[in-house]
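Coordinates from upload_9.cif are shown below (mmCIF, C-alpha atoms and all ligand atoms).
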data_target
loop_
_atom_site.label_atom_id
_atom_site.label_comp_id
_atom_site.auth_asym_id
_atom_site.auth_seq_id
_atom_site.Cartn_x
_atom_site.Cartn_y
_atom_site.Cartn_z
CA MET U 166 0.00 0.00 0.00
CA PHE U 167 1.11 3.57 -0.56
CA THR U 168 -0.09 6.81 0.92
CA VAL U 169 -2.74 8.72 -0.93
CA GLN U 170 -3.28 12.12 0.59
CA TRP U 171 -6.69 13.00 -0.56
CA TYR U 172 -9.94 14.16 0.69
CA PRO U 173 -12.67 14.47 -1.88
CA GLY U 174 -13.80 18.05 -1.61
CA HIS U 175 -17.46 18.94 -1.61
CA MET U 176 -18.41 15.51 -0.33
CA THR U 177 -21.18 16.82 1.86
CA LYS U 178 -22.50 18.99 -0.92
CA ALA U 179 -22.41 16.11 -3.40
CA LYS U 180 -24.23 13.92 -0.92
CA ARG U 181 -27.02 16.40 -0.38
CA LYS U 182 -27.38 16.98 -4.10
CA ILE U 183 -27.75 13.31 -4.96
CA GLU U 184 -30.12 12.64 -2.09
CA ASP U 185 -32.30 15.42 -3.38
CA ILE U 186 -32.26 14.42 -7.02
CA ILE U 187 -32.69 10.72 -6.42
CA LYS U 188 -36.13 11.21 -4.89
CA SER U 189 -37.60 11.76 -8.35
CA ILE U 190 -35.71 8.89 -9.98
CA ASP U 191 -37.15 5.46 -10.82
CA ILE U 192 -34.07 3.77 -12.28
CA VAL U 193 -30.55 4.19 -10.97
CA ILE U 194 -27.84 3.38 -13.50
CA GLU U 195 -24.69 2.94 -11.47
CA ILE U 196 -21.40 2.99 -13.37
CA ARG U 197 -18.36 1.21 -12.00
CA ASP U 198 -14.93 0.53 -13.41
CA ALA U 199 -14.68 -3.09 -14.60
CA ARG U 200 -11.06 -3.28 -13.39
CA ILE U 201 -12.05 -2.41 -9.81
CA PRO U 202 -15.74 -3.26 -9.39
CA TYR U 203 -15.51 -3.11 -5.60
CA SER U 204 -13.33 -0.02 -5.12
CA SER U 205 -15.29 1.99 -7.66
CA GLY U 206 -18.52 1.42 -5.74
CA ASN U 207 -20.02 3.89 -3.30
CA PRO U 208 -20.50 3.09 0.39
CA ASP U 209 -24.11 4.31 0.47
CA ILE U 210 -25.31 2.84 -2.80
CA SER U 211 -27.74 0.31 -1.33
CA ARG U 212 -29.46 3.08 0.60
CA LEU U 213 -29.45 5.42 -2.40
CA ALA U 214 -30.93 2.76 -4.68
CA ARG U 215 -33.45 1.40 -2.18
CA GLY U 216 -36.94 1.00 -3.62
CA LYS U 217 -35.67 1.81 -7.12
CA GLU U 218 -34.63 -0.30 -10.03
CA HIS U 219 -30.84 -0.63 -9.88
CA ILE U 220 -28.62 -1.37 -12.86
CA ILE U 221 -24.85 -1.76 -12.54
CA VAL U 222 -22.73 -1.03 -15.60
CA LEU U 223 -19.16 -2.32 -15.51
CA ASN U 224 -17.59 0.22 -17.82
CA LYS U 225 -14.14 0.18 -19.46
CA ARG U 226 -14.58 -3.52 -20.04
CA ASP U 227 -12.11 -3.19 -22.92
CA LEU U 228 -9.36 -2.52 -20.36
CA ALA U 229 -10.32 -5.32 -17.95
CA ASP U 230 -9.82 -9.07 -17.86
CA GLU U 231 -12.94 -10.50 -19.51
CA ASN U 232 -13.11 -13.65 -17.36
CA LYS U 233 -12.92 -11.61 -14.17
CA THR U 234 -15.53 -9.16 -15.44
CA ASN U 235 -17.87 -12.08 -16.15
CA GLU U 236 -17.43 -13.37 -12.60
CA TRP U 237 -18.48 -9.98 -11.24
CA ILE U 238 -21.44 -9.85 -13.63
CA ASN U 239 -22.62 -13.25 -12.37
CA TYR U 240 -22.17 -12.14 -8.79
CA PHE U 241 -24.30 -9.01 -9.17
CA SER U 242 -26.90 -10.87 -11.23
CA GLN U 243 -27.24 -13.47 -8.47
CA LYS U 244 -27.89 -10.63 -6.06
CA GLY U 245 -30.79 -9.62 -8.29
CA ILE U 246 -29.08 -6.54 -9.73
CA GLU U 247 -29.11 -6.18 -13.50
CA CYS U 248 -25.51 -5.88 -14.61
CA ILE U 249 -23.78 -5.40 -17.95
CA PRO U 250 -20.21 -4.78 -19.17
CA THR U 251 -19.68 -1.91 -21.63
CA ARG U 252 -17.31 0.39 -23.38
CA GLY U 253 -18.75 3.81 -22.66
CA THR U 254 -17.27 5.41 -25.71
CA ASP U 255 -18.89 2.92 -28.10
CA LYS U 256 -22.44 3.89 -29.03
CA SER U 257 -23.59 0.50 -30.30
CA GLU U 258 -22.26 -1.24 -27.22
CA VAL U 259 -23.83 1.24 -24.82
CA LYS U 260 -27.19 0.81 -26.55
CA LYS U 261 -27.33 -2.70 -25.05
CA ILE U 262 -28.01 -1.02 -21.72
CA LEU U 263 -31.33 0.09 -23.18
CA LYS U 264 -32.63 -3.48 -23.02
CA LEU U 265 -31.93 -3.53 -19.28
CA ILE U 266 -33.50 -0.13 -18.82
CA GLU U 267 -36.62 -1.28 -20.71
CA ARG U 268 -36.92 -4.31 -18.44
CA ALA U 269 -36.55 -2.07 -15.40
CA ARG U 270 -39.17 0.32 -16.82
CA ASP U 271 -41.64 -2.51 -17.25
CA LYS U 272 -41.12 -3.51 -13.62
CA VAL U 273 -41.81 0.07 -12.55
CA PHE U 274 -44.97 0.10 -14.65
CA THR U 275 -46.18 -3.18 -13.17
CA LYS U 276 -45.73 -1.83 -9.65
CA ARG U 277 -47.47 1.41 -10.52
CA ARG U 278 -50.41 -0.26 -12.21
CA ALA U 279 -50.88 -2.46 -9.14
CA LYS U 280 -51.34 0.75 -7.19
CA GLY U 281 -53.81 2.05 -9.74
CA PHE U 282 -51.48 4.65 -11.32
CA PHE U 283 -51.26 5.38 -15.02
CA ASP U 284 -48.00 4.87 -16.89
CA ARG U 285 -45.80 7.91 -17.14
CA PRO U 286 -42.25 8.03 -18.46
CA VAL U 287 -39.71 6.55 -16.05
CA ARG U 288 -36.82 8.73 -14.98
CA CYS U 289 -33.25 7.47 -15.00
CA LEU U 290 -30.09 8.86 -13.45
CA VAL U 291 -26.52 7.87 -14.23
CA ILE U 292 -24.36 7.88 -11.11
CA GLY U 293 -20.81 6.91 -10.22
CA ILE U 294 -17.53 8.14 -8.83
CA SER U 295 -15.14 10.33 -10.85
CA ASN U 296 -13.76 9.19 -14.15
CA VAL U 297 -15.68 5.92 -14.48
CA GLY U 298 -17.21 7.06 -17.76
CA LYS U 299 -20.53 8.65 -16.77
CA SER U 300 -20.40 11.48 -19.31
CA SER U 301 -19.22 9.19 -22.10
CA LEU U 302 -22.05 6.83 -21.37
CA ILE U 303 -24.68 9.57 -21.33
CA ASN U 304 -23.36 10.87 -24.65
CA SER U 305 -23.49 7.41 -26.17
CA LEU U 306 -27.01 6.80 -24.84
CA SER U 307 -28.56 10.10 -25.83
CA ILE U 308 -30.44 10.20 -29.05
CA LYS U 309 -31.64 13.75 -28.99
CA LYS U 310 -32.28 16.37 -26.41
CA VAL U 311 -35.88 16.99 -25.52
CA ALA U 312 -37.16 20.37 -24.51
CA ALA U 313 -36.96 21.11 -20.83
CA THR U 314 -40.09 19.54 -19.43
CA GLY U 315 -40.71 22.07 -16.73
CA ASN U 316 -39.72 21.90 -13.14
CA LYS U 317 -39.52 18.53 -11.56
CA PRO U 318 -38.93 18.21 -7.85
CA GLY U 319 -35.33 18.22 -6.82
CA ILE U 320 -33.89 18.84 -10.24
CA THR U 321 -31.56 21.80 -10.50
CA LYS U 322 -32.57 24.34 -13.09
CA GLY U 323 -30.57 23.97 -16.24
CA ASN U 324 -30.54 20.19 -16.17
CA GLN U 325 -32.34 18.60 -19.06
CA TRP U 326 -34.12 15.38 -19.59
CA VAL U 327 -33.19 13.36 -22.59
CA ARG U 328 -35.60 10.87 -24.08
CA ILE U 329 -33.71 7.63 -24.65
CA GLY U 330 -36.50 5.22 -25.52
CA ASN U 331 -40.22 4.62 -25.28
CA LYS U 332 -41.33 6.21 -22.02
CA ILE U 333 -37.77 6.46 -20.73
CA GLU U 334 -36.16 9.75 -19.74
CA LEU U 335 -32.61 10.30 -18.63
CA LEU U 336 -31.20 13.24 -16.73
CA ASP U 337 -28.45 14.62 -18.95
CA THR U 338 -26.19 15.41 -15.99
CA PRO U 339 -24.74 12.50 -14.03
CA GLY U 340 -24.72 12.24 -10.26
CA ILE U 341 -21.20 12.24 -8.87
CA LEU U 342 -20.73 9.81 -6.01
CA TRP U 343 -18.10 9.80 -3.28
CA PRO U 344 -15.85 6.77 -2.92
CA LYS U 345 -15.37 4.46 0.03
CA PHE U 346 -12.60 5.18 2.49
CA GLU U 347 -11.20 1.86 3.60
CA GLY U 348 -8.22 -0.43 3.10
CA ASN U 349 -6.46 0.03 -0.22
CA ILE U 350 -9.36 1.60 -2.08
CA GLY U 351 -7.60 4.95 -2.44
CA ASN U 352 -4.67 3.09 -3.98
CA ASN U 353 -6.84 1.25 -6.47
CA LEU U 354 -8.59 4.46 -7.46
CA ALA U 355 -5.22 6.09 -7.99
CA LEU U 356 -4.15 3.27 -10.31
CA THR U 357 -7.19 3.59 -12.55
CA GLY U 358 -6.98 7.39 -12.59
CA SER U 359 -9.99 8.28 -10.44
CA ILE U 360 -7.74 10.31 -8.13
CA SER U 361 -5.44 13.12 -9.18
CA ASP U 362 -1.80 12.11 -9.76
CA ASN U 363 -0.64 14.94 -7.50
CA VAL U 364 -1.55 13.36 -4.19
CA TYR U 365 0.73 10.35 -4.15
CA GLU U 366 4.22 9.22 -5.12
CA LEU U 367 4.16 7.94 -8.68
CA SER U 368 6.95 5.42 -8.11
CA GLU U 369 5.16 3.98 -5.07
CA ALA U 370 1.96 3.65 -7.07
CA ALA U 371 3.75 1.97 -9.98
CA ILE U 372 5.41 -0.50 -7.62
CA TYR U 373 2.07 -1.23 -5.95
CA LEU U 374 0.63 -1.89 -9.41
CA ILE U 375 3.47 -4.21 -10.36
CA GLU U 376 3.05 -6.14 -7.10
CA ILE U 377 -0.63 -6.70 -7.85
CA LEU U 378 0.10 -7.75 -11.43
CA VAL U 379 2.67 -10.25 -10.14
CA GLN U 380 0.36 -11.52 -7.41
CA LYS U 381 -2.38 -12.07 -9.97
CA LYS U 382 0.13 -13.73 -12.31
CA TYR U 383 -0.47 -11.24 -15.11
CA ILE U 384 3.29 -10.69 -15.24
CA ALA U 385 6.26 -12.83 -14.20
CA ASN U 386 7.63 -12.52 -10.71
CA GLU U 387 10.78 -10.47 -10.92
CA ASP U 388 12.30 -7.69 -8.88
CA THR U 389 9.73 -4.88 -9.04
CA ALA U 390 12.19 -1.98 -8.92
CA GLU U 391 14.28 -3.63 -11.62
CA LEU U 392 11.24 -4.20 -13.81
CA LEU U 393 10.47 -0.50 -13.60
CA LEU U 394 14.07 0.47 -14.37
CA ASN U 395 14.13 -1.79 -17.42
CA TYR U 396 10.82 -0.34 -18.57
CA GLY U 397 12.31 3.15 -18.39
CA LYS U 398 15.45 2.06 -20.21
CA LYS U 399 13.45 0.43 -22.99
CA ARG U 400 11.41 3.60 -23.44
CA GLY U 401 14.49 5.82 -23.32
CA LEU U 402 13.37 7.71 -20.22
CA LEU U 403 16.85 8.64 -19.07
CA GLU U 404 18.13 11.54 -17.04
CA ARG U 405 21.07 13.61 -18.16
CA GLY U 406 23.61 11.38 -16.40
CA GLY U 407 22.19 8.32 -18.15
CA SER U 408 20.28 6.85 -15.25
CA VAL U 409 16.59 6.05 -15.60
CA ASP U 410 14.16 8.85 -14.72
CA LEU U 411 12.07 6.97 -12.18
CA ASP U 412 9.20 9.46 -11.93
CA LYS U 413 8.72 9.65 -15.68
CA THR U 414 8.95 5.88 -15.94
CA ALA U 415 6.43 5.35 -13.16
CA LEU U 416 4.04 7.80 -14.80
CA LEU U 417 4.38 6.09 -18.18
CA TYR U 418 3.87 2.67 -16.60
CA LEU U 419 0.70 3.88 -14.90
CA LYS U 420 -0.48 5.52 -18.13
CA ASP U 421 0.18 2.36 -20.13
CA PHE U 422 -1.83 0.42 -17.57
CA ARG U 423 -4.68 2.93 -17.68
CA THR U 424 -4.91 2.84 -21.46
CA GLY U 425 -4.68 -0.96 -21.60
CA LYS U 426 -1.27 -0.96 -23.29
CA LEU U 427 0.16 -3.27 -20.65
CA GLY U 428 -2.68 -5.75 -21.13
CA ASN U 429 -6.22 -6.48 -19.99
CA TYR U 430 -5.67 -6.50 -16.29
CA SER U 431 -8.29 -6.54 -13.53
CA ILE U 432 -7.01 -5.23 -10.23
CA GLU U 433 -9.90 -6.61 -8.18
CA TRP U 434 -11.17 -10.13 -8.57
CA LEU U 435 -14.37 -11.41 -7.02
CA SER U 436 -12.29 -14.14 -5.37
CA ASP U 437 -10.31 -11.46 -3.46
CA TYR U 438 -13.41 -10.92 -1.36
CA GLY U 439 -14.85 -13.37 1.10
CA SER U 440 -18.28 -11.82 1.27
CA ILE U 441 -19.47 -8.43 0.13
N1 LIG U 501 -10.94 2.61 -22.66
C1 LIG U 501 -12.09 3.16 -22.26
N2 LIG U 501 -12.12 4.47 -21.93
C2 LIG U 501 -13.30 4.99 -21.52
C3 LIG U 501 -14.48 4.22 -21.46
N3 LIG U 501 -15.48 5.02 -21.02
C4 LIG U 501 -14.94 6.23 -20.82
N4 LIG U 501 -13.63 6.22 -21.12
C5 LIG U 501 -12.66 7.33 -20.97
O1 LIG U 501 -12.50 7.56 -19.57
C6 LIG U 501 -12.32 8.95 -19.30
C7 LIG U 501 -13.34 9.46 -18.29
O2 LIG U 501 -14.63 9.39 -18.89
P1 LIG U 501 -15.82 10.39 -18.48
O3 LIG U 501 -17.01 9.98 -19.29
O4 LIG U 501 -15.38 11.79 -18.57
O5 LIG U 501 -16.01 9.98 -16.93
P2 LIG U 501 -16.90 10.70 -15.80
O6 LIG U 501 -15.96 11.49 -14.95
O7 LIG U 501 -17.47 9.56 -15.01
O8 LIG U 501 -17.95 11.52 -16.47
C8 LIG U 501 -12.40 9.65 -20.66
O9 LIG U 501 -11.09 9.83 -21.14
C9 LIG U 501 -13.15 8.64 -21.54
O10 LIG U 501 -12.83 8.75 -22.90
C10 LIG U 501 -14.41 2.83 -21.82
O11 LIG U 501 -15.38 2.07 -21.74
N5 LIG U 501 -13.19 2.37 -22.20
MG MG U 502 -18.27 13.61 -16.39
#
Could you render the structure from this file as structure tokens?
Amino acid sequence: MFTVQWYPGHMTKAKRKIEDIIKSIDIVIEIRDARIPYSSGNPDISRLARGKEHIIVLNKRDLADENKTNEWINYFSQKGIECIPTRGTDKSEVKKILKLIERARDKVFTKRRAKGFFDRPVRCLVIGISNVGKSSLINSLSIKKVAATGNKPGITKGNQWVRIGNKIELLDTPGILWPKFEGNIGNNLALTGSISDNVYELSEAAIYLIEILVQKKYIANEDTAELLLNYGKKRGLLERGGSVDLDKTALLYLKDFRTGKLGNYSIEWLSDYGSI
């Protein structure tokens, strides 16, 4: 583990905002990072999604280990949560979420009809912590903007509803969630780029990453510091005296991980957790 000195600013404000908005939402579309499906979750999500239809999207699936992603998908499905892997930047792939949203909408309708209410469009909200792909996903989902449909309770002025299917509306602004604060979650979020690079030592983070990759047998077990040095040498990241520039190398290693250049690596496996 390495030290991440961070405190997500505006946490209280973000909390209040979501709690307000979510009152008028029927379907919560929660985005997580497929490489860290546990760490990219929010500590209060079960409370926030209570009484609503809850869909989990494991985004950035193109960067993750497919087998591990499938294990997580099965896990969430067994818990009764609709779950799907996606690539948020790919429109046709994201459209598959619509099927899940339609199923959730029909469940909402069934419940409402049982209470004697007429059908009205269901309202969806995309939520997730920073950088998981919320905006990309909303862009890929949106077909066209609809005119502002007047004031709805709890919705900040200026936000717009987008019609994304038959009787399905989506708020065009995502809800930003706060992360969990426990164990090595800060570290995992740093690796995937959900936390600013300025609040930890790059070389420590790169070494932490290498240790995980070794432990999960994605790469061979060799001296971690040496691996990093060789990486820098290979990429020509040398200082004036000819020695490897460790900071630049660490940053490049992290970047290459984040963009999938190192390989399709999942940092968190379902089997890492006894029960969650
Ligand atoms: N490789 C990959 N990159 C993605 C995916 N979804 C989003 N991104 C990238 O991740 C970064 C953060 O995405 P963004 O939508 O701004 O995240 P937000 O902070 O949750 O709104 C951007 O550079 C996106 O292009 C994906 O599925 N795969
Ligand atoms: Mg965004």
For Glu433 in chain U, the nearest of the candidates U:Thr357, U:Ser300, U:Thr251, U:Asn324, counting only C-alpha atoms: U:Thr357
All residues having an atom within 8 Å of ligand MG 502 (chain U) (all atoms listed in the file) as JSON, numbers by chain: {"U": [295, 296, 298, 299, 300, 301, 339]}
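What separates CA of Leu354 in chain U from CA of Ser307 in chain U is a distance of 27.7 Å.
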Closest atom pairs, chain U residues within 10 Å of ligand LIG 501 (chain U), only C-alpha atoms and all ligand atoms, as a Markdown table:
| residue | atom | partner | partner_atom | distance |
| --- | --- | --- | --- | --- |
| U:Ile196 | CA | U:LIG501 | O7 | 7.8 |
| U:Arg197 | CA | U:LIG501 | O7 | 8.9 |
| U:Asp198 | CA | U:LIG501 | O11 | 8.5 |
| U:Ala199 | CA | U:LIG501 | O11 | 8.8 |
| U:Leu223 | CA | U:LIG501 | O11 | 8.5 |
| U:Asn224 | CA | U:LIG501 | O11 | 4.9 |
| U:Lys225 | CA | U:LIG501 | O11 | 3.2 |
| U:Arg226 | CA | U:LIG501 | O11 | 5.9 |
| U:Asp227 | CA | U:LIG501 | N5 | 5.7 |
| U:Leu228 | CA | U:LIG501 | N1 | 5.8 |
| U:Ala229 | CA | U:LIG501 | N5 | 9.2 |
| U:Pro250 | CA | U:LIG501 | O11 | 8.8 |
| U:Thr251 | CA | U:LIG501 | O11 | 5.9 |
| U:Arg252 | CA | U:LIG501 | O11 | 3.0 |
| U:Gly253 | CA | U:LIG501 | N3 | 3.9 |
| U:Thr254 | CA | U:LIG501 | N3 | 5.0 |
| U:Asp255 | CA | U:LIG501 | O11 | 7.3 |
| U:Glu258 | CA | U:LIG501 | O11 | 9.4 |
| U:Val259 | CA | U:LIG501 | O11 | 9.0 |
| U:Val291 | CA | U:LIG501 | O7 | 9.2 |
| U:Ile292 | CA | U:LIG501 | O7 | 8.1 |
| U:Gly293 | CA | U:LIG501 | O7 | 6.4 |
| U:Ile294 | CA | U:LIG501 | O7 | 6.3 |
| U:Ser295 | CA | U:LIG501 | O6 | 4.3 |
| U:Asn296 | CA | U:LIG501 | O6 | 3.3 |
| U:Val297 | CA | U:LIG501 | O7 | 4.1 |
| U:Gly298 | CA | U:LIG501 | O5 | 3.3 |
| U:Lys299 | CA | U:LIG501 | O7 | 3.6 |
| U:Ser300 | CA | U:LIG501 | O3 | 3.7 |
| U:Ser301 | CA | U:LIG501 | O3 | 3.7 |
| U:Leu302 | CA | U:LIG501 | O3 | 6.3 |
| U:Ile303 | CA | U:LIG501 | O3 | 7.9 |
| U:Asn304 | CA | U:LIG501 | O3 | 8.4 |
| U:Ser305 | CA | U:LIG501 | O3 | 9.8 |
| U:Thr338 | CA | U:LIG501 | O8 | 9.1 |
| U:Pro339 | CA | U:LIG501 | O8 | 7.3 |
| U:Gly340 | CA | U:LIG501 | O7 | 9.1 |
| U:Ile341 | CA | U:LIG501 | O7 | 7.7 |
| U:Leu342 | CA | U:LIG501 | O7 | 9.6 |
| U:Thr357 | CA | U:LIG501 | O1 | 9.7 |
| U:Gly358 | CA | U:LIG501 | C6 | 8.7 |
| U:Ser359 | CA | U:LIG501 | O6 | 8.1 |
| U:Arg423 | CA | U:LIG501 | N1 | 8.0 |
| U:Thr424 | CA | U:LIG501 | N1 | 6.2 |
| U:Gly425 | CA | U:LIG501 | N1 | 7.3 |
Atom-to-atom span, CA of Gly281 in chain U and CA of Val327 in chain U, Å: 26.8 Å
Counting only C-alpha atoms, the option among U:Ile249, U:Gln325, U:Lys381, U:Lys264 closest to Asn235 in chain U: U:Ile249
Nearest residue to Lys178 in chain U from the set U:Ile350, U:Gly428, U:Gly397, U:Trp343 (distances using only C-alpha atoms): U:Trp343
